[in-house]
Number of protein chains: 4
Amino acid sequence: MSGRIDLNADMGEGYGRWSIGNDAALLTHITSANIACGMHAGDPDVMAQTMAAALEQGVNLGAHPGFPDIQGFGRRRMTLSETSLRNMIRYQLGAAAAMARAAGGRLRHFKLHGALSNMASEDATLARICYETALDFDPDLVILILPLTAMEEVMQSLGGSWAGEIFADRAYNEDATLVDRSLPGAIIHDAGVAAANMASMVREQAIICASGKRLPCRIDTICVHGDTPESLEIAGAVRARLEGEDYSVCPL
Amino acid sequence: MSGRIDLNADMGEGYGRWSIGNDAALLTHITSANIACGMHAGDPDVMAQTMAAALEQGVNLGAHPGFPDIQGFGRRRMTLSETSLRNMIRYQLGAAAAMARAAGGRLRHFKLHGALSNMASEDATLARICYETALDFDPDLVILILPLTAMEEVMQSLGGSWAGEIFADRAYNEDATLVDRSLPGAIIHDAGVAAANMASMVREQAIICASGKRLPCRIDTICVHGDTPESLEIAGAVRARLEGEDYSVCPL
Amino acid sequence: MSGRIDLNADMGEGYGRWSIGNDAALLTHITSANIACGMHAGDPDVMAQTMAAALEQGVNLGAHPGFPDIQGFGRRRMTLSETSLRNMIRYQLGAAAAMARAAGGRLRHFKLHGALSNMASEDATLARICYETALDFDPDLVILILPLTAMEEVMQSLGGSWAGEIFADRAYNEDATLVDRSLPGAIIHDAGVAAANMASMVREQAIICASGKRLPCRIDTICVHGDTPESLEIAGAVRARLEGEDYSVCPL
Amino acid sequence: MSGRIDLNADMGEGYGRWSIGNDAALLTHITSANIACGMHAGDPDVMAQTMAAALEQGVNLGAHPGFPDIQGFGRRRMTLSETSLRNMIRYQLGAAAAMARAAGGRLRHFKLHGALSNMASEDATLARICYETALDFDPDLVILILPLTAMEEVMQSLGGSWAGEIFADRAYNEDATLVDRSLPGAIIHDAGVAAANMASMVREQAIICASGKRLPCRIDTICVHGDTPESLEIAGAVRARLEGEDYSVCPL
């Protein structure tokens, strides 16, 4: 066995009558589902359905909280006080834990969503507030972090369990950030290329930048998407490739 | 000792910058606080502050979930499917339990808010959905019910702990419903009258209607309010009167 | 020329990142677009994009207000006071008119959405409140009504312009209501059948019930949908059939 | 006559069951009411009531749009695209204009709220987007700006009508910004002091900083508040003082 790797995806990102992506198809590829918790997406009904479907496929559940902004899908930066941040995250964690328990499971991991994630990757103070709150709620949660960012720095010092996450379909800059979506080559469309990239990064335990530069770091989980046929194909190809290289694709 | 009686009040009914009532003053009179859970009022910050203040005064915490309708304060009737009702209540319970735990306490009781409460008092199916969900979440929760309504009928058959609740400042019809607010005499404004009424009802274990008719029932808790100086005065007078008659005013 | 007929569709029913249906495809078939106004769907960005696209295709704009319930998509019945109803509709009309003007058009018609429409078809008082508000806002608006319901009764007495609307893909009961979606045959899936039905109903100016019974009424517009490939096919077939029978398919 | 001065206040800042401040009392002092437009406060019912009350007192109506953030009262900074900003402001303007018309009035002025105002005072691009949208909606609107900020710079170049606004109860820094609320002396509590300050600033047409420094600028309107007894007293004192100095206190 080459080692273990987790595949995660953001799921349950619908709201009311609306849905995004093909959660059912994605569940056949992944091992960890990041569940939207109701503030940027994921009303209680969507959460319940998504969690039940994930558990049926043996996929682990995690909380994926974001800013309280349904219209903006949690992608608009907001300035919240430290206290408000703590309360907002705790509220979402409590709600998600209750929904998970009713579905017959429990929360295993924690990943920030959207603008909140972007901000936490740049701002250690913000990241610490979020992660302390999560670990105070449940010290067994595994925190998903972007390697070599403020997120990792905080988890190094906080001392809880964490997992380094890379993206299957995105190109990396030399500072470990993602190439801006508006730039050419930012998004990887070819499933074979994505799969080969992921296998290399996991094997080398390094982010391989668009430039070819290696950034050694801990890589425990790969984020895949399901909102396009292409992204689903990438998810399948990444899993097949890693299994082909004798990795155990399993939850964190 | 004449017996025990609980005084409860709806609290934390603010949202964002807005608040209602004088929670701080009310906390000196009551023994159980029904905390709004974020869908009709009570954002995470309001919940955290209210719970901390309640625990500081030795007041028990309960969940007070309502319809998802901030603008309507949960007072507009909405038609939700059984599944949506269950999910909506579970979500609020989970969130409230997490906030209570962070404040150093835990949820002890459960009371429906506004239109959801009105509907459950008339509709045993609806009441059963709500109460089953609450007891499935935590079988130790005490369910607050309006005596002689569908709520009581459901709790009689469900078998969990429950408490019969009467209102300190409202007149009753002969069918155990409240006299409509728009009718003369519906609201009791005199603190002495309210206190005497409550003492009689608790002693006789009967709702005493505006007509004088007695409706025997179990009475465990009295709901008081804090949104006017008058209602605060009533809360104080009710407590003083019951203590004067040697009741132990204490949580459920 | 056989006469005139309008084809309308509910559009702009997305919110934030979410969308429903294929508005672009639908716009090639219809002549009137009912634009969600922000309270049940259709944030300002969605409204702006949808209106611009409609005007580009020469499609008329109308307001399609619903209950303030994003999570429920305006499909959950809510009890609002008369004053609140008036204010809620006026607010949405004003917002929609401003967005229409900025897009280079103006509102031509008015159609109630979801639960609000269902309630208005049963309750003349409610329908009158809504339609009076619309005509007070702009007396030139054409009110879309369901023939032979309380809606028609109200417009007969109010005296403004109105248009009778039938549905291309739904079977009718003998009381002019739609066969409940849960019953067999309620939804018409065959584009040829739908097109033939519509041609007959428009020609005869009568709702033809599932039973074959004719309910004579004024029919000015046909509602089509765009949320499935099938519904788009129906929209195209209905238009082709009516044009083939020499109707002028044009806005109200 | 010494000249003219307008007194403005933010009003209708309630939502659903909640209210802030004493709008009724404030209306006896001011000449222009800035009406919250539903996204950060001010649901359609609150808008209707507030506008009716203002018109009854002969007070002019203006639109006071803010970020879509009820929980944050529009006080949390959000990053919106230019297009979203334009649409969001236009939507609120259209809604407010319809409500004003129904109340028997019309919108006369435009003032940004909360975090949106703070951001526009620092960022000319943002201010231009907002003001262009307002003037495109209605070129007769008077734009309220903070003198010597990016807001003034934009209005100087845009060319529409604008009014310079100062605050009755706040101390100023030497760069024309307000002293941070958390610093001593930031808030002026004494009605006499506030009134004397305002009279001096209006007479001199200059912001007089806490340091005593004069910043010459155009001053057309004074913002007063009504959320505390003290602030109401200040509003009354400012008006009385200006009238005593023979100013005509009247709308813009």
# chains A, B, ... in the order shown; residues from 1 in each chain; ligands from 1
call {"tool": "closest_atom_pairs", "arguments": {"of": "chain B", "to": "chain A", "cutoff": "9 Å", "atoms": "only C-alpha atoms", "output": "tab-separated table"}}
result
residue	atom	partner	partner_atom	distance
B:Asp43	CA	A:Met88	CA	8.4
B:Pro44	CA	A:Asn87	CA	5.3
B:Asp45	CA	A:Asn87	CA	5.9
B:Met47	CA	A:Asn87	CA	8.6
B:Ala48	CA	A:Asn87	CA	7.0
B:Thr83	CA	A:Asp45	CA	7.5
B:Ser84	CA	A:Asp45	CA	5.9
B:Arg86	CA	A:Asp45	CA	8.9
B:Asn87	CA	A:Pro44	CA	5.3
B:Met88	CA	A:Pro44	CA	5.7
B:Ile89	CA	A:Pro44	CA	8.9
B:Arg90	CA	A:Ala98	CA	6.5
B:Tyr91	CA	A:Ala95	CA	4.7
B:Gln92	CA	A:Ala95	CA	6.4
B:Leu93	CA	A:Ala95	CA	7.1
B:Gly94	CA	A:Ala95	CA	4.3
B:Ala95	CA	A:Ala95	CA	4.3
B:Ala96	CA	A:Tyr91	CA	7.2
B:Ala97	CA	A:Gly94	CA	6.8
B:Ala98	CA	A:Gly94	CA	4.8
B:Met99	CA	A:Tyr91	CA	6.4
B:Arg101	CA	A:Phe137	CA	8.6
B:Ala102	CA	A:Phe137	CA	7.8
B:Asp136	CA	A:Ala102	CA	8.4
B:Phe137	CA	A:Ala98	CA	7.5
call {"tool": "write_last_selection", "arguments": {"atoms": "N, CA and C atoms", "output": "PDB file, in the first residue's frame"}}
result
ATOM      1  N   ASP B  43     -30.277  36.022  16.744  1.00  0.00           N
ATOM      2  CA  ASP B  43     -29.107  35.581  15.978  1.00  0.00           C
ATOM      3  C   ASP B  43     -28.075  34.995  16.947  1.00  0.00           C
ATOM      4  N   PRO B  44     -27.016  34.381  16.454  1.00  0.00           N
ATOM      5  CA  PRO B  44     -26.057  33.725  17.351  1.00  0.00           C
ATOM      6  C   PRO B  44     -25.497  34.644  18.433  1.00  0.00           C
ATOM      7  N   ASP B  45     -25.296  35.906  18.120  1.00  0.00           N
ATOM      8  CA  ASP B  45     -24.766  36.824  19.132  1.00  0.00           C
ATOM      9  C   ASP B  45     -25.796  37.074  20.236  1.00  0.00           C
ATOM     10  N   MET B  47     -28.211  35.114  21.058  1.00  0.00           N
ATOM     11  CA  MET B  47     -28.344  33.875  21.824  1.00  0.00           C
ATOM     12  C   MET B  47     -27.232  33.758  22.868  1.00  0.00           C
ATOM     13  N   ALA B  48     -26.002  34.025  22.433  1.00  0.00           N
ATOM     14  CA  ALA B  48     -24.864  33.874  23.338  1.00  0.00           C
ATOM     15  C   ALA B  48     -24.988  34.820  24.528  1.00  0.00           C
ATOM     16  N   THR B  83     -41.580  16.698   7.058  1.00  0.00           N
ATOM     17  CA  THR B  83     -40.116  16.572   7.024  1.00  0.00           C
ATOM     18  C   THR B  83     -39.449  17.920   7.275  1.00  0.00           C
ATOM     19  N   SER B  84     -39.961  18.946   6.631  1.00  0.00           N
ATOM     20  CA  SER B  84     -39.375  20.274   6.833  1.00  0.00           C
ATOM     21  C   SER B  84     -39.518  20.733   8.273  1.00  0.00           C
ATOM     22  N   ARG B  86     -39.670  18.828  10.959  1.00  0.00           N
ATOM     23  CA  ARG B  86     -38.701  18.088  11.768  1.00  0.00           C
ATOM     24  C   ARG B  86     -37.291  18.674  11.600  1.00  0.00           C
ATOM     25  N   ASN B  87     -36.908  18.902  10.351  1.00  0.00           N
ATOM     26  CA  ASN B  87     -35.553  19.393  10.105  1.00  0.00           C
ATOM     27  C   ASN B  87     -35.341  20.784  10.696  1.00  0.00           C
ATOM     28  N   MET B  88     -36.353  21.632  10.528  1.00  0.00           N
ATOM     29  CA  MET B  88     -36.265  22.997  11.022  1.00  0.00           C
ATOM     30  C   MET B  88     -36.127  23.039  12.544  1.00  0.00           C
ATOM     31  N   ILE B  89     -36.850  22.164  13.221  1.00  0.00           N
ATOM     32  CA  ILE B  89     -36.785  22.149  14.684  1.00  0.00           C
ATOM     33  C   ILE B  89     -35.471  21.537  15.155  1.00  0.00           C
ATOM     34  N   ARG B  90     -35.053  20.493  14.493  1.00  0.00           N
ATOM     35  CA  ARG B  90     -33.808  19.846  14.884  1.00  0.00           C
ATOM     36  C   ARG B  90     -32.625  20.795  14.695  1.00  0.00           C
ATOM     37  N   TYR B  91     -32.648  21.506  13.569  1.00  0.00           N
ATOM     38  CA  TYR B  91     -31.573  22.470  13.282  1.00  0.00           C
ATOM     39  C   TYR B  91     -31.482  23.504  14.409  1.00  0.00           C
ATOM     40  N   GLN B  92     -32.616  24.054  14.795  1.00  0.00           N
ATOM     41  CA  GLN B  92     -32.625  25.076  15.839  1.00  0.00           C
ATOM     42  C   GLN B  92     -32.195  24.503  17.187  1.00  0.00           C
ATOM     43  N   LEU B  93     -32.648  23.279  17.470  1.00  0.00           N
ATOM     44  CA  LEU B  93     -32.258  22.645  18.724  1.00  0.00           C
ATOM     45  C   LEU B  93     -30.753  22.421  18.787  1.00  0.00           C
ATOM     46  N   GLY B  94     -30.207  21.936  17.690  1.00  0.00           N
ATOM     47  CA  GLY B  94     -28.767  21.672  17.672  1.00  0.00           C
ATOM     48  C   GLY B  94     -27.970  22.949  17.862  1.00  0.00           C
ATOM     49  N   ALA B  95     -28.390  23.996  17.158  1.00  0.00           N
ATOM     50  CA  ALA B  95     -27.702  25.278  17.284  1.00  0.00           C
ATOM     51  C   ALA B  95     -27.804  25.798  18.716  1.00  0.00           C
ATOM     52  N   ALA B  96     -29.013  25.739  19.270  1.00  0.00           N
ATOM     53  CA  ALA B  96     -29.224  26.268  20.620  1.00  0.00           C
ATOM     54  C   ALA B  96     -28.443  25.456  21.649  1.00  0.00           C
ATOM     55  N   ALA B  97     -28.393  24.156  21.460  1.00  0.00           N
ATOM     56  CA  ALA B  97     -27.657  23.311  22.416  1.00  0.00           C
ATOM     57  C   ALA B  97     -26.173  23.659  22.404  1.00  0.00           C
ATOM     58  N   ALA B  98     -25.635  23.914  21.208  1.00  0.00           N
ATOM     59  CA  ALA B  98     -24.216  24.282  21.108  1.00  0.00           C
ATOM     60  C   ALA B  98     -23.952  25.621  21.785  1.00  0.00           C
ATOM     61  N   MET B  99     -24.859  26.564  21.577  1.00  0.00           N
ATOM     62  CA  MET B  99     -24.676  27.877  22.197  1.00  0.00           C
ATOM     63  C   MET B  99     -24.797  27.758  23.722  1.00  0.00           C
ATOM     64  N   ARG B 101     -24.094  25.143  25.568  1.00  0.00           N
ATOM     65  CA  ARG B 101     -22.907  24.467  26.078  1.00  0.00           C
ATOM     66  C   ARG B 101     -21.733  25.447  26.163  1.00  0.00           C
ATOM     67  N   ALA B 102     -21.598  26.290  25.130  1.00  0.00           N
ATOM     68  CA  ALA B 102     -20.514  27.266  25.144  1.00  0.00           C
ATOM     69  C   ALA B 102     -20.683  28.276  26.273  1.00  0.00           C
ATOM     70  N   ASP B 136     -36.508  13.251  20.507  1.00  0.00           N
ATOM     71  CA  ASP B 136     -35.507  12.447  19.808  1.00  0.00           C
ATOM     72  C   ASP B 136     -34.134  13.127  19.924  1.00  0.00           C
ATOM     73  N   PHE B 137     -34.150  14.451  19.879  1.00  0.00           N
ATOM     74  CA  PHE B 137     -32.891  15.194  20.029  1.00  0.00           C
ATOM     75  C   PHE B 137     -32.337  15.026  21.437  1.00  0.00           C
TER      76      PHE B 137
END
call {"tool": "select_by_dssp", "arguments": {"residues": "region 74-126 of chain B", "states": "helix (DSSP H, G or I)", "output": "NGL selection string"}}
result
:B and (82-102 or 114-122 or 124-126)
call {"tool": "calpha_fit_and_write", "arguments": {"fixed": "chain C", "moving": "chain B", "output": "compact mmCIF listing (two decimals) with C-alpha atoms, in the first residue's frame"}}
result
# COMPACT_ATOMS: atom_id res chain seq x y z
CA MET B 1 -55.45 35.70 -39.07
CA SER B 2 -57.17 33.47 -36.49
CA GLY B 3 -56.54 35.89 -33.64
CA ARG B 4 -53.87 36.74 -31.10
CA ILE B 5 -52.39 34.70 -28.33
CA ASP B 6 -49.64 35.45 -25.80
CA LEU B 7 -47.18 32.89 -24.45
CA ASN B 8 -45.91 33.67 -20.95
CA ALA B 9 -43.37 32.08 -18.65
CA ASP B 10 -42.07 32.62 -15.15
CA MET B 11 -38.45 33.71 -15.45
CA GLY B 12 -35.56 34.96 -13.42
CA GLU B 13 -36.34 32.46 -10.70
CA GLY B 14 -32.76 32.12 -9.63
CA TYR B 15 -31.18 33.66 -6.55
CA GLY B 16 -27.54 34.48 -5.98
CA ARG B 17 -25.51 31.66 -7.42
CA TRP B 18 -28.55 29.48 -8.07
CA SER B 19 -30.68 29.27 -11.17
CA ILE B 20 -33.64 27.25 -12.35
CA GLY B 21 -34.65 26.40 -15.85
CA ASN B 22 -33.30 27.51 -19.17
CA ASP B 23 -34.40 31.11 -19.48
CA ALA B 24 -32.32 31.71 -22.60
CA ALA B 25 -34.00 28.89 -24.50
CA LEU B 26 -37.44 29.78 -23.22
CA LEU B 27 -37.07 33.36 -24.41
CA THR B 28 -37.04 32.17 -28.01
CA HIS B 29 -40.57 30.79 -27.58
CA ILE B 30 -42.47 33.25 -25.38
CA THR B 31 -43.81 36.77 -25.71
CA SER B 32 -44.25 37.75 -22.03
CA ALA B 33 -41.79 37.12 -19.18
CA ASN B 34 -43.02 37.09 -15.59
CA ILE B 35 -40.06 38.34 -13.56
CA ALA B 36 -39.56 37.24 -9.95
CA CYS B 37 -39.19 40.38 -7.83
CA GLY B 38 -36.72 39.45 -5.09
CA MET B 39 -38.82 38.13 -2.24
CA HIS B 40 -39.23 34.47 -3.21
CA ALA B 41 -36.55 34.47 -5.93
CA GLY B 42 -34.83 36.92 -8.20
CA ASP B 43 -32.25 39.07 -6.49
CA PRO B 44 -31.46 42.42 -8.15
CA ASP B 45 -28.69 40.90 -10.26
CA VAL B 46 -30.87 38.07 -11.50
CA MET B 47 -33.65 40.55 -12.28
CA ALA B 48 -31.32 42.81 -14.25
CA GLN B 49 -29.88 39.96 -16.30
CA THR B 50 -33.24 38.36 -16.99
CA MET B 51 -34.88 41.62 -18.01
CA ALA B 52 -32.02 42.52 -20.34
CA ALA B 53 -32.19 39.10 -21.99
CA ALA B 54 -35.96 39.31 -22.39
CA LEU B 55 -35.90 42.76 -23.95
CA GLU B 56 -33.19 41.64 -26.34
CA GLN B 57 -35.57 38.98 -27.63
CA GLY B 58 -38.46 41.42 -27.85
CA VAL B 59 -40.23 39.72 -24.95
CA ASN B 60 -42.46 41.88 -22.74
CA LEU B 61 -41.71 42.25 -19.02
CA GLY B 62 -44.16 41.66 -16.18
CA ALA B 63 -43.92 41.62 -12.40
CA HIS B 64 -44.29 38.26 -10.69
CA PRO B 65 -44.37 38.99 -6.95
CA GLY B 66 -44.61 36.31 -4.26
CA PHE B 67 -44.46 35.84 -0.52
CA PRO B 68 -41.25 36.89 1.27
CA ASP B 69 -39.86 33.37 1.61
CA ILE B 70 -36.66 32.59 -0.24
CA GLN B 71 -36.25 29.20 1.38
CA GLY B 72 -39.79 28.19 0.47
CA PHE B 73 -39.65 29.75 -3.02
CA GLY B 74 -42.92 31.52 -2.23
CA ARG B 75 -44.71 28.18 -2.26
CA ARG B 76 -45.56 28.07 1.44
CA ARG B 77 -48.82 29.72 2.39
CA MET B 78 -48.37 32.62 4.77
CA THR B 79 -50.97 34.71 6.57
CA LEU B 80 -50.35 38.41 6.08
CA SER B 81 -52.53 41.32 7.04
CA GLU B 82 -54.17 43.33 4.28
CA THR B 83 -51.79 46.20 4.92
CA SER B 84 -48.74 43.97 4.80
CA LEU B 85 -49.93 42.40 1.57
CA ARG B 86 -50.40 45.79 -0.05
CA ASN B 87 -47.00 47.02 1.10
CA MET B 88 -45.23 43.83 0.09
CA ILE B 89 -46.68 43.92 -3.42
CA ARG B 90 -46.08 47.61 -3.89
CA TYR B 91 -42.47 47.25 -2.76
CA GLN B 92 -41.84 44.49 -5.29
CA LEU B 93 -43.60 46.39 -8.06
CA GLY B 94 -41.56 49.50 -7.43
CA ALA B 95 -38.32 47.57 -7.40
CA ALA B 96 -39.22 45.65 -10.54
CA ALA B 97 -40.31 48.80 -12.37
CA ALA B 98 -36.97 50.45 -11.60
CA MET B 99 -35.04 47.43 -12.81
CA ALA B 100 -37.17 47.27 -15.97
CA ARG B 101 -36.57 50.94 -16.70
CA ALA B 102 -32.82 50.52 -16.26
CA ALA B 103 -32.92 47.62 -18.70
CA GLY B 104 -34.63 49.85 -21.24
CA GLY B 105 -38.16 48.52 -20.83
CA ARG B 106 -41.18 48.77 -18.62
CA LEU B 107 -43.58 46.47 -16.78
CA ARG B 108 -46.56 45.49 -18.94
CA HIS B 109 -48.29 42.84 -16.89
CA PHE B 110 -48.69 41.45 -13.38
CA LYS B 111 -49.00 37.85 -12.26
CA LEU B 112 -49.05 36.47 -8.73
CA HIS B 113 -46.59 33.71 -7.83
CA GLY B 114 -46.88 30.41 -6.04
CA ALA B 115 -48.85 30.18 -2.82
CA LEU B 116 -49.98 33.78 -3.17
CA SER B 117 -51.51 32.92 -6.54
CA ASN B 118 -53.13 29.77 -5.19
CA MET B 119 -54.63 31.70 -2.31
CA ALA B 120 -55.86 34.53 -4.55
CA SER B 121 -57.57 32.06 -6.87
CA GLU B 122 -59.63 30.87 -3.90
CA ASP B 123 -60.11 34.11 -2.01
CA ALA B 124 -61.61 37.16 -3.71
CA THR B 125 -60.70 39.45 -0.82
CA LEU B 126 -57.05 38.54 -1.14
CA ALA B 127 -57.14 38.79 -4.93
CA ARG B 128 -58.74 42.23 -4.74
CA ILE B 129 -56.04 43.49 -2.35
CA CYS B 130 -53.32 42.34 -4.71
CA TYR B 131 -54.91 43.60 -7.91
CA GLU B 132 -56.00 46.94 -6.49
CA THR B 133 -52.43 47.52 -5.36
CA ALA B 134 -51.07 46.63 -8.78
CA LEU B 135 -53.50 48.92 -10.62
CA ASP B 136 -52.96 51.70 -8.12
CA PHE B 137 -49.24 51.41 -8.85
CA ASP B 138 -49.80 51.42 -12.61
CA PRO B 139 -53.31 51.39 -14.10
CA ASP B 140 -51.93 50.19 -17.43
CA LEU B 141 -50.73 46.83 -16.09
CA VAL B 142 -52.52 43.82 -17.56
CA ILE B 143 -53.47 41.44 -14.76
CA LEU B 144 -52.99 37.74 -15.53
CA ILE B 145 -55.78 35.70 -13.95
CA LEU B 146 -56.90 32.11 -13.82
CA PRO B 147 -60.27 32.05 -15.58
CA LEU B 148 -63.39 31.11 -13.63
CA THR B 149 -61.69 31.60 -10.25
CA ALA B 150 -61.98 34.33 -7.64
CA MET B 151 -59.28 36.14 -9.61
CA GLU B 152 -61.57 36.62 -12.58
CA GLU B 153 -64.47 37.62 -10.37
CA VAL B 154 -62.34 40.37 -8.86
CA MET B 155 -61.09 41.69 -12.19
CA GLN B 156 -64.64 41.68 -13.59
CA SER B 157 -65.61 44.06 -10.81
CA LEU B 158 -62.40 46.11 -10.64
CA GLY B 159 -62.52 46.96 -14.29
CA GLY B 160 -58.81 47.06 -15.27
CA SER B 161 -57.26 45.17 -18.16
CA TRP B 162 -56.87 41.46 -17.61
CA ALA B 163 -55.87 38.35 -19.48
CA GLY B 164 -57.11 34.80 -18.95
CA GLU B 165 -54.28 32.30 -18.59
CA ILE B 166 -54.16 28.56 -19.15
CA PHE B 167 -51.30 26.11 -18.59
CA ALA B 168 -49.78 24.16 -21.45
CA ASP B 169 -48.68 21.16 -19.47
CA ARG B 170 -51.39 20.64 -16.87
CA ALA B 171 -54.70 18.77 -16.83
CA TYR B 172 -57.80 20.56 -15.54
CA ASN B 173 -60.55 19.51 -13.15
CA GLU B 174 -64.18 20.28 -13.93
CA ASP B 175 -64.12 23.28 -11.60
CA ALA B 176 -61.34 24.94 -13.62
CA THR B 177 -58.67 24.07 -11.05
CA LEU B 178 -55.55 22.13 -11.98
CA VAL B 179 -55.44 18.39 -11.33
CA ASP B 180 -53.21 17.88 -8.31
CA ARG B 181 -49.62 17.17 -9.33
CA SER B 182 -49.60 13.96 -7.32
CA LEU B 183 -52.39 12.40 -9.40
CA PRO B 184 -51.80 10.39 -12.59
CA GLY B 185 -52.24 12.44 -15.74
CA ALA B 186 -51.87 15.76 -13.91
CA ILE B 187 -48.81 16.68 -15.95
CA ILE B 188 -48.83 16.52 -19.71
CA HIS B 189 -45.49 15.25 -20.94
CA ASP B 190 -46.13 14.92 -24.67
CA ALA B 191 -45.42 18.07 -26.63
CA GLY B 192 -47.83 17.12 -29.40
CA VAL B 193 -50.66 16.50 -26.98
CA ALA B 194 -49.99 19.76 -25.16
CA ALA B 195 -49.89 21.71 -28.41
CA ALA B 196 -53.15 20.16 -29.67
CA ASN B 197 -54.83 20.86 -26.31
CA MET B 198 -53.76 24.47 -26.35
CA ALA B 199 -54.89 25.00 -29.91
CA SER B 200 -58.32 23.57 -29.08
CA MET B 201 -58.71 25.62 -25.91
CA VAL B 202 -57.68 28.85 -27.59
CA ARG B 203 -59.90 28.19 -30.60
CA GLU B 204 -62.91 27.24 -28.48
CA GLN B 205 -62.12 29.87 -25.81
CA ALA B 206 -62.79 27.20 -23.21
CA ILE B 207 -60.83 25.17 -20.73
CA ILE B 208 -61.12 21.55 -21.81
CA CYS B 209 -61.08 19.41 -18.70
CA ALA B 210 -59.44 16.01 -18.38
CA SER B 211 -62.99 14.63 -18.47
CA GLY B 212 -63.63 16.28 -21.81
CA LYS B 213 -66.01 18.84 -20.36
CA ARG B 214 -65.76 22.37 -21.81
CA LEU B 215 -65.62 25.42 -19.51
CA PRO B 216 -66.11 28.49 -21.71
CA CYS B 217 -63.90 31.38 -20.64
CA ARG B 218 -61.62 34.08 -21.97
CA ILE B 219 -58.17 32.76 -22.88
CA ASP B 220 -55.53 35.32 -23.78
CA THR B 221 -52.25 33.75 -22.74
CA ILE B 222 -50.67 30.34 -22.27
CA CYS B 223 -48.15 29.62 -19.53
CA VAL B 224 -45.20 27.47 -20.53
CA HIS B 225 -42.20 26.32 -18.54
CA GLY B 226 -38.50 25.88 -19.11
CA ASP B 227 -37.19 23.82 -16.24
CA THR B 228 -36.95 20.52 -18.14
CA PRO B 229 -36.00 19.64 -21.75
CA GLU B 230 -39.56 18.33 -22.06
CA SER B 231 -41.12 21.60 -20.96
CA LEU B 232 -39.00 23.51 -23.45
CA GLU B 233 -40.13 21.15 -26.17
CA ILE B 234 -43.73 21.77 -25.18
CA ALA B 235 -43.19 25.53 -25.33
CA GLY B 236 -41.81 25.22 -28.84
CA ALA B 237 -44.55 22.87 -30.00
CA VAL B 238 -47.33 25.07 -28.62
CA ARG B 239 -45.95 28.11 -30.40
CA ALA B 240 -45.43 26.25 -33.67
CA ARG B 241 -48.94 24.79 -33.58
CA LEU B 242 -50.60 28.13 -32.89
CA GLU B 243 -48.60 29.84 -35.60
CA GLY B 244 -49.49 26.96 -37.92
CA GLU B 245 -53.15 27.64 -37.21
CA ASP B 246 -52.53 31.24 -38.18
CA TYR B 247 -52.61 32.79 -34.74
CA SER B 248 -50.51 35.85 -34.14
CA VAL B 249 -48.30 34.92 -31.20
CA CYS B 250 -47.63 38.30 -29.65
CA PRO B 251 -47.57 40.07 -26.29
CA LEU B 252 -50.74 41.10 -24.50
call {"tool": "select_by_dssp", "arguments": {"residues": "region 1-248 of chain D", "states": "strand (DSSP E)", "output": "ChimeraX atom specification"}}
result
/D:3-11,32-36,60-64,107-110,142-145,162-167,206-208,214-216,221-223,247-248
